[in-house]
Amino acid sequence: MHVTDHHRADPRLARSLFKELPFASDSGRVGVEEFTDGFLSGLSSVLSAASANGKLDADVPKMMLAHSLYAQWQVLMRRLVTDRLDYDDMVLHDLPNSRERSSSCTQ
């Protein structure tokens with residue numbers, strides 16, 4: 001959660017980051033891809049260790065799961081920095097299901 005806490009400390013910067021990062025110019029894209037590849041590789045290593053310890057099924061493709069977890073984290077961060085998700089709900093409680101989310105958005 002330390003990355004999430006870091007972004008929570010400066011929501012304006014986080015909003016800019018999540019808004020602009022996907023559209024980085026060609027010169028900036030290399031750094032973005034290197035960071036993302038390193039992050040995914042590290043996450044895949046953590047998942048491999050979990051698999052070796054019997055905490056994750058050995059048949060689960062680690063890099064595919066790493067990509068899925070990273071994508072889900074990005075969605076949660078976008079919701080968090082655009083005030084569509086409360087931090088305490090994300091960390092301390094179950095996330096609201098889509099029906100609860102839809103009704104809270106219309107209120």
# chains A, B, ... in the order shown; residues from 1 in each chain; ligands from 1
call {"tool": "residues_around", "arguments": {"residues": "Ser45 (chain A)", "least_positions_apart": "5", "cutoff": "9 Å", "atoms": "only C-alpha atoms", "output": "PyMOL selection string"}}
result
chain A and resi 40+50+62-63
call {"tool": "atom_distance", "arguments": {"atom1": "CA of Ser44 (chain A)", "atom2": "CA of Val30 (chain A)"}}
result
20.7 Å
call {"tool": "atom_distance", "arguments": {"atom1": "CA of Phe35 (chain A)", "atom2": "CA of Ser48 (chain A)"}}
result
19.8 Å
call {"tool": "residues_around", "arguments": {"residues": "Phe39 (chain A)", "least_positions_apart": "6", "cutoff": "10 Å", "atoms": "only C-alpha atoms", "output": "PDB file with C-alpha atoms, in the first residue's frame"}}
result
ATOM      1  CA  GLU A  33       7.870   0.943 -20.381  1.00  0.00           C
ATOM      2  CA  SER A  45       8.766 -12.738  -8.699  1.00  0.00           C
ATOM      3  CA  ALA A  66       0.936  -9.755 -12.467  1.00  0.00           C
ATOM      4  CA  HIS A  67      -0.544  -7.877 -15.451  1.00  0.00           C
ATOM      5  CA  TYR A  70      -1.372  -4.149 -12.044  1.00  0.00           C
TER       6      TYR A  70
END
call {"tool": "residues_around", "arguments": {"residues": "region 17-28 of chain A", "least_positions_apart": "4", "cutoff": "7 Å", "atoms": "only C-alpha atoms", "output": "JSON, numbers by chain"}}
result
{"A": [13, 32, 78]}
call {"tool": "atom_distance", "arguments": {"atom1": "CA of Thr36 (chain A)", "atom2": "CA of Ala14 (chain A)"}}
result
16.3 Å
call {"tool": "closest_residue", "arguments": {"among": "A:Ala58, A:Ser51, A:Gln74, A:Val46", "to": "Arg15 (chain A)", "atoms": "only C-alpha atoms"}}
result
A:Gln74
